[in-house]
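Listing of work-v1.pdb; format and content: PDB, C-alpha atoms and all ligand atoms.
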ATOM      1  CA  MET L   1     -23.288 -21.787  -9.519
ATOM      2  CA  TYR L   2     -23.400 -20.165  -6.071
ATOM      3  CA  ARG L   3     -20.598 -22.308  -4.682
ATOM      4  CA  GLU L   4     -18.419 -21.657  -7.740
ATOM      5  CA  ARG L   5     -18.729 -17.936  -7.339
ATOM      6  CA  LEU L   6     -16.995 -18.184  -3.969
ATOM      7  CA  GLU L   7     -13.939 -19.777  -5.574
ATOM      8  CA  LEU L   8     -10.715 -17.768  -5.794
ATOM      9  CA  THR L   9      -8.755 -20.382  -7.694
ATOM     10  CA  ASP L  10      -5.309 -19.057  -8.571
ATOM     11  CA  ARG L  11      -6.247 -15.450  -7.914
ATOM     12  CA  VAL L  12      -3.325 -13.482  -6.528
ATOM     13  CA  ALA L  13      -4.086 -11.781  -3.235
ATOM     14  CA  VAL L  14      -2.007  -9.375  -1.144
ATOM     15  CA  VAL L  15      -2.816  -9.141   2.562
ATOM     16  CA  THR L  16      -1.163  -6.312   4.475
ATOM     17  CA  GLY L  17      -0.837  -7.046   8.187
ATOM     18  CA  GLY L  18      -1.212 -10.745   7.364
ATOM     19  CA  SER L  19       1.509 -11.976   9.739
ATOM     20  CA  ARG L  20      -0.972 -12.513  12.565
ATOM     21  CA  GLY L  21      -4.445 -11.767  13.931
ATOM     22  CA  ILE L  22      -7.297 -10.915  11.598
ATOM     23  CA  GLY L  23      -4.918 -10.641   8.625
ATOM     24  CA  LEU L  24      -3.661 -14.187   9.135
ATOM     25  CA  ALA L  25      -7.224 -15.538   9.393
ATOM     26  CA  VAL L  26      -7.966 -13.740   6.108
ATOM     27  CA  VAL L  27      -4.911 -15.385   4.502
ATOM     28  CA  THR L  28      -6.176 -18.798   5.654
ATOM     29  CA  ALA L  29      -9.662 -18.177   4.260
ATOM     30  CA  LEU L  30      -8.375 -16.924   0.899
ATOM     31  CA  VAL L  31      -6.044 -19.925   0.557
ATOM     32  CA  GLU L  32      -8.922 -22.328   1.349
ATOM     33  CA  PHE L  33     -10.877 -20.795  -1.532
ATOM     34  CA  GLY L  34      -7.902 -21.327  -3.849
ATOM     35  CA  ALA L  35      -5.950 -18.056  -3.862
ATOM     36  CA  ARG L  36      -2.200 -17.572  -3.840
ATOM     37  CA  VAL L  37      -1.371 -15.019  -1.181
ATOM     38  CA  VAL L  38       1.442 -12.581  -0.448
ATOM     39  CA  ILE L  39       1.632 -11.387   3.156
ATOM     40  CA  ALA L  40       3.006  -7.837   3.392
ATOM     41  CA  ASP L  41       3.920  -6.839   6.949
ATOM     42  CA  VAL L  42       6.664  -5.492   9.186
ATOM     43  CA  LEU L  43       6.577  -8.469  11.590
ATOM     44  CA  ASP L  44       9.125 -10.454   9.597
ATOM     45  CA  GLU L  45       9.660 -13.490  11.812
ATOM     46  CA  ALA L  46       5.948 -14.133  12.383
ATOM     47  CA  GLY L  47       5.191 -13.401   8.718
ATOM     48  CA  GLU L  48       7.828 -15.823   7.412
ATOM     49  CA  ALA L  49       6.604 -18.521   9.814
ATOM     50  CA  SER L  50       2.951 -17.940   8.896
ATOM     51  CA  ALA L  51       3.734 -18.127   5.178
ATOM     52  CA  ALA L  52       5.760 -21.323   5.639
ATOM     53  CA  SER L  53       2.867 -22.981   7.495
ATOM     54  CA  PHE L  54       0.813 -23.180   4.274
ATOM     55  CA  PRO L  55       1.525 -26.022   1.823
ATOM     56  CA  ASP L  56       2.872 -25.875  -1.739
ATOM     57  CA  GLY L  57       4.342 -22.378  -1.485
ATOM     58  CA  ARG L  58       0.851 -20.900  -1.849
ATOM     59  CA  VAL L  59       1.738 -18.138   0.602
ATOM     60  CA  SER L  60       4.847 -15.960   0.518
ATOM     61  CA  TYR L  61       6.032 -13.116   2.691
ATOM     62  CA  VAL L  62       7.398  -9.695   1.855
ATOM     63  CA  HIS L  63       8.539  -6.971   4.244
ATOM     64  CA  LEU L  64       6.455  -3.843   3.728
ATOM     65  CA  ASP L  65       5.887  -0.837   5.960
ATOM     66  CA  VAL L  66       2.613   0.560   4.627
ATOM     67  CA  THR L  67       3.592   4.074   5.781
ATOM     68  CA  ASP L  68       6.461   4.133   3.268
ATOM     69  CA  ALA L  69       4.737   5.263   0.059
ATOM     70  CA  GLY L  70       7.760   4.531  -2.140
ATOM     71  CA  ALA L  71       8.071   1.014  -0.723
ATOM     72  CA  VAL L  72       4.333   0.424  -1.279
ATOM     73  CA  GLU L  73       4.662   1.426  -4.947
ATOM     74  CA  ARG L  74       7.767  -0.734  -5.508
ATOM     75  CA  THR L  75       6.370  -3.749  -3.629
ATOM     76  CA  PHE L  76       3.048  -3.816  -5.479
ATOM     77  CA  ALA L  77       4.818  -3.431  -8.845
ATOM     78  CA  ASP L  78       7.152  -6.274  -7.910
ATOM     79  CA  ILE L  79       4.303  -8.575  -6.791
ATOM     80  CA  ALA L  80       2.338  -7.864  -9.990
ATOM     81  CA  GLN L  81       5.380  -8.674 -12.077
ATOM     82  CA  ARG L  82       6.351 -11.825 -10.185
ATOM     83  CA  HIS L  83       2.821 -13.277  -9.940
ATOM     84  CA  GLY L  84       1.392 -11.935 -13.208
ATOM     85  CA  SER L  85      -1.432  -9.954 -11.544
ATOM     86  CA  ILE L  86      -2.924  -8.655  -8.347
ATOM     87  CA  ASP L  87      -6.579  -9.700  -8.145
ATOM     88  CA  VAL L  88      -7.363  -9.117  -4.477
ATOM     89  CA  LEU L  89      -6.036  -6.725  -1.849
ATOM     90  CA  VAL L  90      -6.958  -6.928   1.823
ATOM     91  CA  THR L  91      -5.587  -4.164   4.043
ATOM     92  CA  SER L  92      -5.378  -5.444   7.608
ATOM     93  CA  ALA L  93      -2.247  -3.554   8.748
ATOM     94  CA  GLY L  94      -3.324  -1.403  11.654
ATOM     95  CA  ILE L  95      -2.358  -0.086  15.069
ATOM     96  CA  ALA L  96      -4.352   1.180  18.045
ATOM     97  CA  ASN L  97      -3.828   4.020  20.513
ATOM     98  CA  HIS L  98      -5.727   4.408  23.769
ATOM     99  CA  GLN L  99      -4.464   7.753  25.089
ATOM    100  CA  PRO L 100      -7.018  10.363  26.139
ATOM    101  CA  SER L 101      -6.997  13.250  23.674
ATOM    102  CA  LEU L 102      -5.520  15.817  26.088
ATOM    103  CA  GLU L 103      -2.515  13.519  26.647
ATOM    104  CA  LEU L 104      -2.083  12.434  23.036
ATOM    105  CA  GLU L 105       1.131  13.621  21.448
ATOM    106  CA  ARG L 106       1.229  14.842  17.884
ATOM    107  CA  GLU L 107       3.603  12.050  16.898
ATOM    108  CA  ALA L 108       1.181   9.365  18.134
ATOM    109  CA  TRP L 109      -1.765  10.914  16.259
ATOM    110  CA  ASP L 110       0.340  11.108  13.082
ATOM    111  CA  ARG L 111       1.478   7.494  13.429
ATOM    112  CA  VAL L 112      -2.042   6.083  13.815
ATOM    113  CA  LEU L 113      -3.297   8.085  10.851
ATOM    114  CA  ALA L 114      -0.212   7.126   8.805
ATOM    115  CA  VAL L 115      -0.623   3.366   9.298
ATOM    116  CA  ASN L 116      -4.404   3.004   9.385
ATOM    117  CA  ALA L 117      -5.640   5.672   6.980
ATOM    118  CA  THR L 118      -2.787   6.770   4.687
ATOM    119  CA  GLY L 119      -1.292   3.272   4.536
ATOM    120  CA  THR L 120      -4.648   1.780   3.570
ATOM    121  CA  PHE L 121      -5.247   4.418   0.906
ATOM    122  CA  TRP L 122      -1.787   4.082  -0.619
ATOM    123  CA  CYS L 123      -1.967   0.284  -0.781
ATOM    124  CA  ALA L 124      -5.466   0.433  -2.314
ATOM    125  CA  ARG L 125      -4.296   2.960  -4.888
ATOM    126  CA  GLU L 126      -1.244   0.953  -5.899
ATOM    127  CA  ALA L 127      -3.200  -2.314  -6.046
ATOM    128  CA  ALA L 128      -5.811  -0.619  -8.249
ATOM    129  CA  ARG L 129      -3.063   0.522 -10.617
ATOM    130  CA  HIS L 130      -2.310  -3.150 -11.286
ATOM    131  CA  MET L 131      -5.999  -4.176 -11.451
ATOM    132  CA  GLN L 132      -6.915  -1.683 -14.192
ATOM    133  CA  ASP L 133      -6.882  -4.148 -17.091
ATOM    134  CA  ARG L 134      -8.730  -7.081 -15.489
ATOM    135  CA  GLY L 135     -10.655  -5.781 -12.473
ATOM    136  CA  GLY L 136     -10.253  -6.894  -8.884
ATOM    137  CA  SER L 137     -11.523  -6.678  -5.342
ATOM    138  CA  ILE L 138     -10.159  -4.515  -2.542
ATOM    139  CA  VAL L 139     -11.295  -5.120   1.030
ATOM    140  CA  ALA L 140     -10.168  -2.727   3.755
ATOM    141  CA  ILE L 141     -10.381  -3.767   7.384
ATOM    142  CA  GLY L 142     -12.013  -0.710   8.901
ATOM    143  CA  SER L 143     -13.727  -0.885  12.284
ATOM    144  CA  MET L 144     -17.018  -0.211  13.984
ATOM    145  CA  SER L 145     -14.898   2.589  15.525
ATOM    146  CA  GLY L 146     -15.115   4.291  12.130
ATOM    147  CA  GLU L 147     -18.870   4.591  12.682
ATOM    148  CA  LEU L 148     -19.153   5.265  16.429
ATOM    149  CA  ALA L 149     -16.964   6.396  19.341
ATOM    150  CA  ASN L 150     -16.858   3.277  21.471
ATOM    151  CA  ALA L 151     -16.151   3.144  25.198
ATOM    152  CA  PRO L 152     -14.670   2.921  27.801
ATOM    153  CA  GLN L 153     -11.288   3.478  26.127
ATOM    154  CA  ARG L 154     -10.267   6.828  24.718
ATOM    155  CA  GLN L 155      -9.110   6.502  21.114
ATOM    156  CA  ALA L 156      -9.890   9.594  19.056
ATOM    157  CA  ALA L 157      -6.955   9.020  16.679
ATOM    158  CA  TYR L 158      -7.978   5.407  16.022
ATOM    159  CA  ASN L 159     -11.630   6.302  15.500
ATOM    160  CA  ALA L 160     -10.716   9.155  13.132
ATOM    161  CA  SER L 161      -8.373   6.882  11.178
ATOM    162  CA  LYS L 162     -11.087   4.259  10.677
ATOM    163  CA  GLY L 163     -13.660   6.885   9.708
ATOM    164  CA  ALA L 164     -11.177   8.003   7.062
ATOM    165  CA  VAL L 165     -10.807   4.412   5.842
ATOM    166  CA  HIS L 166     -14.563   4.035   5.421
ATOM    167  CA  LEU L 167     -14.967   7.211   3.413
ATOM    168  CA  ALA L 168     -11.847   6.539   1.330
ATOM    169  CA  VAL L 169     -13.363   3.132   0.488
ATOM    170  CA  LYS L 170     -16.612   4.721  -0.711
ATOM    171  CA  SER L 171     -14.661   7.308  -2.732
ATOM    172  CA  LEU L 172     -12.420   4.712  -4.371
ATOM    173  CA  ALA L 173     -15.420   2.490  -5.112
ATOM    174  CA  ILE L 174     -16.888   5.284  -7.209
ATOM    175  CA  GLU L 175     -13.601   6.097  -8.927
ATOM    176  CA  PHE L 176     -12.765   2.503  -9.824
ATOM    177  CA  ALA L 177     -16.209   1.046 -10.610
ATOM    178  CA  GLU L 178     -15.795   1.504 -14.358
ATOM    179  CA  GLN L 179     -12.599  -0.534 -14.296
ATOM    180  CA  GLY L 180     -14.359  -3.468 -12.655
ATOM    181  CA  ILE L 181     -12.549  -2.892  -9.364
ATOM    182  CA  ARG L 182     -14.789  -3.317  -6.319
ATOM    183  CA  VAL L 183     -13.795  -1.605  -3.064
ATOM    184  CA  ASN L 184     -15.471  -2.480   0.253
ATOM    185  CA  ALA L 185     -14.723  -2.255   3.959
ATOM    186  CA  VAL L 186     -15.339  -4.665   6.773
ATOM    187  CA  ALA L 187     -16.025  -2.976  10.105
ATOM    188  CA  PRO L 188     -15.394  -5.432  12.954
ATOM    189  CA  GLY L 189     -16.442  -4.992  16.541
ATOM    190  CA  TYR L 190     -14.147  -6.435  19.216
ATOM    191  CA  VAL L 191     -12.066  -9.374  18.042
ATOM    192  CA  GLY L 192      -9.660 -11.328  20.254
ATOM    193  CA  THR L 193      -6.163 -10.559  18.861
ATOM    194  CA  GLU L 194      -2.886  -9.074  20.099
ATOM    195  CA  LEU L 195      -4.330  -5.642  19.282
ATOM    196  CA  THR L 196      -7.105  -6.045  21.852
ATOM    197  CA  LYS L 197      -4.916  -7.893  24.376
ATOM    198  CA  GLN L 198      -1.836  -5.686  24.545
ATOM    199  CA  GLY L 199      -1.815  -3.317  27.510
ATOM    200  CA  VAL L 200      -5.576  -3.494  27.954
ATOM    201  CA  PRO L 201      -7.048  -3.765  31.492
ATOM    202  CA  ASP L 202      -9.315  -6.761  32.165
ATOM    203  CA  GLN L 203     -12.105  -4.375  33.059
ATOM    204  CA  TRP L 204     -12.233  -3.106  29.455
ATOM    205  CA  TRP L 205     -12.714  -6.649  28.178
ATOM    206  CA  ASP L 206     -15.576  -7.144  30.641
ATOM    207  CA  ASP L 207     -17.119  -3.903  29.438
ATOM    208  CA  TRP L 208     -16.742  -4.817  25.763
ATOM    209  CA  VAL L 209     -18.412  -8.199  26.324
ATOM    210  CA  ARG L 210     -21.209  -6.632  28.397
ATOM    211  CA  ARG L 211     -21.963  -4.110  25.654
ATOM    212  CA  THR L 212     -21.991  -6.770  22.913
ATOM    213  CA  PRO L 213     -25.438  -8.382  22.558
ATOM    214  CA  MET L 214     -23.916 -11.744  21.584
ATOM    215  CA  GLY L 215     -21.980 -11.652  24.871
ATOM    216  CA  ARG L 216     -18.529 -12.467  23.480
ATOM    217  CA  LEU L 217     -15.715 -11.117  21.346
ATOM    218  CA  GLY L 218     -15.452 -12.177  17.724
ATOM    219  CA  ALA L 219     -12.869 -14.659  16.466
ATOM    220  CA  PRO L 220     -10.477 -13.681  13.635
ATOM    221  CA  GLU L 221     -11.896 -16.553  11.532
ATOM    222  CA  GLU L 222     -15.341 -14.937  11.649
ATOM    223  CA  ILE L 223     -13.864 -11.861   9.959
ATOM    224  CA  GLY L 224     -11.938 -14.084   7.526
ATOM    225  CA  SER L 225     -15.083 -15.652   6.080
ATOM    226  CA  LEU L 226     -16.715 -12.273   5.424
ATOM    227  CA  VAL L 227     -13.578 -10.961   3.743
ATOM    228  CA  ALA L 228     -13.323 -14.065   1.539
ATOM    229  CA  PHE L 229     -16.931 -13.522   0.452
ATOM    230  CA  LEU L 230     -16.291  -9.862  -0.401
ATOM    231  CA  ALA L 231     -13.117 -10.796  -2.286
ATOM    232  CA  SER L 232     -15.020 -13.295  -4.437
ATOM    233  CA  ASP L 233     -17.421 -13.031  -7.363
ATOM    234  CA  ALA L 234     -20.235 -13.969  -4.959
ATOM    235  CA  ALA L 235     -20.122 -10.275  -3.956
ATOM    236  CA  SER L 236     -20.086  -9.078  -7.574
ATOM    237  CA  TYR L 237     -22.710  -6.341  -7.028
ATOM    238  CA  MET L 238     -21.122  -5.013  -3.835
ATOM    239  CA  THR L 239     -18.933  -1.949  -3.921
ATOM    240  CA  GLY L 240     -18.643   1.060  -1.626
ATOM    241  CA  SER L 241     -20.129  -0.928   1.263
ATOM    242  CA  VAL L 242     -18.988  -0.812   4.869
ATOM    243  CA  VAL L 243     -20.118  -4.094   6.402
ATOM    244  CA  LEU L 244     -20.432  -4.190  10.193
ATOM    245  CA  ILE L 245     -19.516  -7.487  11.842
ATOM    246  CA  ASP L 246     -19.756  -6.839  15.557
ATOM    247  CA  GLY L 247     -21.958  -9.353  17.427
ATOM    248  CA  GLY L 248     -24.650  -6.673  17.501
ATOM    249  CA  TYR L 249     -22.598  -3.985  19.308
ATOM    250  CA  ALA L 250     -23.760  -1.156  17.036
ATOM    251  CA  ALA L 251     -27.383  -2.288  17.086
ATOM    252  CA  TRP L 252     -28.238  -0.677  20.425
TER     253      TRP L 252
HETATM  254  P1  LIG B   1      -2.758  -7.360  15.127
HETATM  255  O1  LIG B   1      -1.942  -6.390  15.894
HETATM  256  O2  LIG B   1      -2.796  -8.765  15.560
HETATM  257  O3  LIG B   1      -2.338  -7.326  13.575
HETATM  258  C1  LIG B   1      -1.976  -6.155  12.932
HETATM  259  C2  LIG B   1      -0.913  -6.459  11.910
HETATM  260  O4  LIG B   1      -0.593  -5.227  11.231
HETATM  261  C3  LIG B   1       0.392  -6.964  12.559
HETATM  262  O5  LIG B   1       0.835  -8.123  11.899
HETATM  263  C4  LIG B   1       1.330  -5.802  12.387
HETATM  264  O6  LIG B   1       2.695  -6.165  12.275
HETATM  265  C5  LIG B   1       0.817  -5.170  11.096
HETATM  266  N1  LIG B   1       1.277  -3.792  10.947
HETATM  267  C6  LIG B   1       1.243  -2.803  11.871
HETATM  268  N2  LIG B   1       1.832  -1.685  11.386
HETATM  269  C7  LIG B   1       2.218  -1.984  10.116
HETATM  270  C8  LIG B   1       2.874  -1.249   9.095
HETATM  271  N3  LIG B   1       3.265   0.013   9.286
HETATM  272  N4  LIG B   1       3.092  -1.845   7.906
HETATM  273  C9  LIG B   1       2.717  -3.131   7.707
HETATM  274  N5  LIG B   1       2.108  -3.884   8.633
HETATM  275  C10 LIG B   1       1.865  -3.315   9.830
HETATM  276  O7  LIG B   1      -4.222  -6.717  15.116
HETATM  277  P2  LIG B   1      -5.613  -7.219  14.485
HETATM  278  O8  LIG B   1      -6.590  -7.180  15.578
HETATM  279  O9  LIG B   1      -5.434  -8.454  13.687
HETATM  280  O10 LIG B   1      -5.935  -5.993  13.532
HETATM  281  C11 LIG B   1      -6.021  -6.099  12.123
HETATM  282  C12 LIG B   1      -6.879  -4.958  11.602
HETATM  283  O11 LIG B   1      -8.203  -5.097  12.119
HETATM  284  C13 LIG B   1      -6.406  -3.577  12.033
HETATM  285  O12 LIG B   1      -6.579  -2.678  10.967
HETATM  286  C14 LIG B   1      -7.345  -3.218  13.165
HETATM  287  O13 LIG B   1      -7.483  -1.833  13.328
HETATM  288  C15 LIG B   1      -8.618  -3.875  12.670
HETATM  289  N6  LIG B   1      -9.609  -4.122  13.711
HETATM  290  C16 LIG B   1      -9.312  -4.927  14.768
HETATM  291  C17 LIG B   1     -10.284  -5.136  15.744
HETATM  292  C18 LIG B   1     -10.029  -6.001  16.943
HETATM  293  O14 LIG B   1     -10.864  -5.967  17.867
HETATM  294  N7  LIG B   1      -8.956  -6.772  16.984
HETATM  295  C19 LIG B   1     -11.539  -4.521  15.633
HETATM  296  C20 LIG B   1     -11.796  -3.718  14.543
HETATM  297  C21 LIG B   1     -10.818  -3.527  13.582
END
Kindly present the structure from the file in structure tokens form.
Amino acid sequence: MYRERLELTDRVAVVTGGSRGIGLAVVTALVEFGARVVIADVLDEAGEASAASFPDGRVSYVHLDVTDAGAVERTFADIAQRHGSIDVLVTSAGIANHQPSLELEREAWDRVLAVNATGTFWCAREAARHMQDRGGSIVAIGSMSGELANAPQRQAAYNASKGAVHLAVKSLAIEFAEQGIRVNAVAPGYVGTELTKQGVPDQWWDDWVRRTPMGRLGAPEEIGSLVAFLASDAASYMTGSVVLIDGGYAAW
């Protein structure tokens, strides 16, 4: 009974930001539990290649910029029509910004909020529209940065965007509970992906590891297994939760 409840056999899942990194690990986990997955991303070449690496056409790719509300609406409607349903949504599309607040330009603030917060909300809303009749599970990739202002980097826009994701998740969980739609967030600590590698001084990595009780960064697969659990019926009494997965970083 417990093992069965982890199964996602033939459920249709959409993973935004699934071309690489945490999103791609989530795709892999969902496929292993039996789901059919649509990757929705702007990184077309990587997304197409990632989709093609799974057997039997279980994973497909669609170009979607989550900041384009009209495109989000059209894409989710199209996926629901082509696949018959949307049962699971995982929002992993996200960007970072490490400029100190006094140097941050308005455009950069707007962009981070648009991708991480507004994009997540709009995708969740549109997925829920297609889950109304049969229920579903929405898992947003938030961050421990939605709960605390981590150091040494300066990232007020990123932190604010993830705080918004966490509270949007709790709000949507309440709104959609009656329709059998569960909405949760996963809040990772530092995970080794392009996001944490690009333009980041070595000294930050050393600092991140030093401040993490487990003494290492997380692997994308470690986030993938938690997301698969939350997506499944094994988490049937969980909604409105923000689950930290951070090697103990926030436990200090
Ligand atoms: P990543 O850069 O490897 O992956 C992010 C993906 O999002 C990319 O495929 C990118 O093309 C896609 N994306 C960006 N803007 C988009 C847009 N407008 N529309 C559609 N797709 C878009 O980074 P990652 O580390 O895998 O991050 C995934 C998520 O996890 C992000 O939301 C990030 O904030 C969150 N997160 C990451 C860490 C970490 O340490 N890596 C920690 C906490 C939270």
Excluding same-chain residues fewer than 2 positions from Ser19 in chain L, what lies within 7 Å of it counting all atoms listed in the file, as a PyMOL selection string? chain L and resi 17+23-24+39+41+43+46-47+50
Taken to one decimal, the CA of Leu102 in chain L-atom O9 of ligand LIG 1 (chain B) distance is 27.3 Å
Contacts of Ala25 in chain L within 12 Å, all atoms listed in the file, excl. fewer than 4 positions in-chain, as a PyMOL selection string: chain L and resi 15+17-21+29-32+39+50+90+92+191-193+219-228
Rank L:Val26, L:Leu148, L:Ala231, L:Leu104 by their smallest atom-to-atom distance to Thr9 in chain L, using all atoms listed in the file, and report the top residue only. L:Ala231
If we count only C-alpha atoms, what is near Ala251 in chain L at a cut-off of 10 Å, once residues fewer than 3 positions away on the same chain are taken out, given as a list in words? Thr212, Pro213, Leu244, Asp246, Gly247 and Gly248 of chain L
Excluding same-chain residues fewer than 2 positions from Val165 in chain L, what lies within 9 Å of it counting all atoms listed in the file, as a ChimeraX atom specification? /L:116-118,120-121,140-143,146,160-163,167-170,185
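Once the PyMOL selection byres (((chain L and resi 133) around 10) and not hetatm) is applied to the shown structure, the selection contains Ser85, Ala128, Arg129, His130, Met131, Gln132, Arg134, Gly135, Gly136, Gln179, Gly180 and Ile181 of chain L.
Remark: for Glu147 in chain L, the closest of the candidate residues L:Val186, L:Ala40, L:Phe54, L:Asp68 is L:Val186 (distances computed over only C-alpha atoms).
Minimum atom-to-atom distance to Ile138 in chain L, evaluated using all atoms listed in the file, belongs to L:Gly240 out of L:Gly240, L:Gly119, L:Pro55, L:Gly34.
When only C-alpha atoms and all ligand atoms are used to compute distances to ligand LIG 1 (chain B), the closest of the residues L:Leu8, L:Val88, L:Val115, L:Ala77 turns out to be L:Val115.
Going from CA of Val139 in chain L to CA of Asp56 in chain L covers 25.3 Å.
Between CA of Asp233 in chain L and CA of Tyr2 in chain L the separation is 9.4 Å.
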Need to verify the contact set: Arg210 in chain L, 12 Å, all atoms listed in the file, exclusion of same-chain residues closer than 5 positions in sequence. Can you return it as number ranges by chain? L: 151-152, 190, 203-205, 215-217, 247-249
Taking only C-alpha atoms and all ligand atoms into account, name the residue in L:Gln198, L:Gln81, L:Ser171, L:Ser101 that is nearest to ligand LIG 1 (chain B). L:Gln198
L:Val112, L:Val38, L:Ala80, L:Ala187 ranked by distance to Tyr61 in chain L, top pick (using only C-alpha atoms): L:Val38
Using the chain letters and numbers from the file, give me the residues hit by the PyMOL selection byres (((chain L and resi 95) around 9) and not hetatm), as a ChimeraX atom specification. /L:93-94,96-97,111-112,115-116,158,195
Centre and edge lengths, as JSON, for the axis-aligned box enclosing every listed atom of ligand LIG 1 (chain B) with 4 Å of padding on each of the six sides, in Å to one decimal?
{"center_x": -4.3, "center_y": -4.4, "center_z": 12.8, "size_x": 23.1, "size_y": 16.8, "size_z": 18.2}
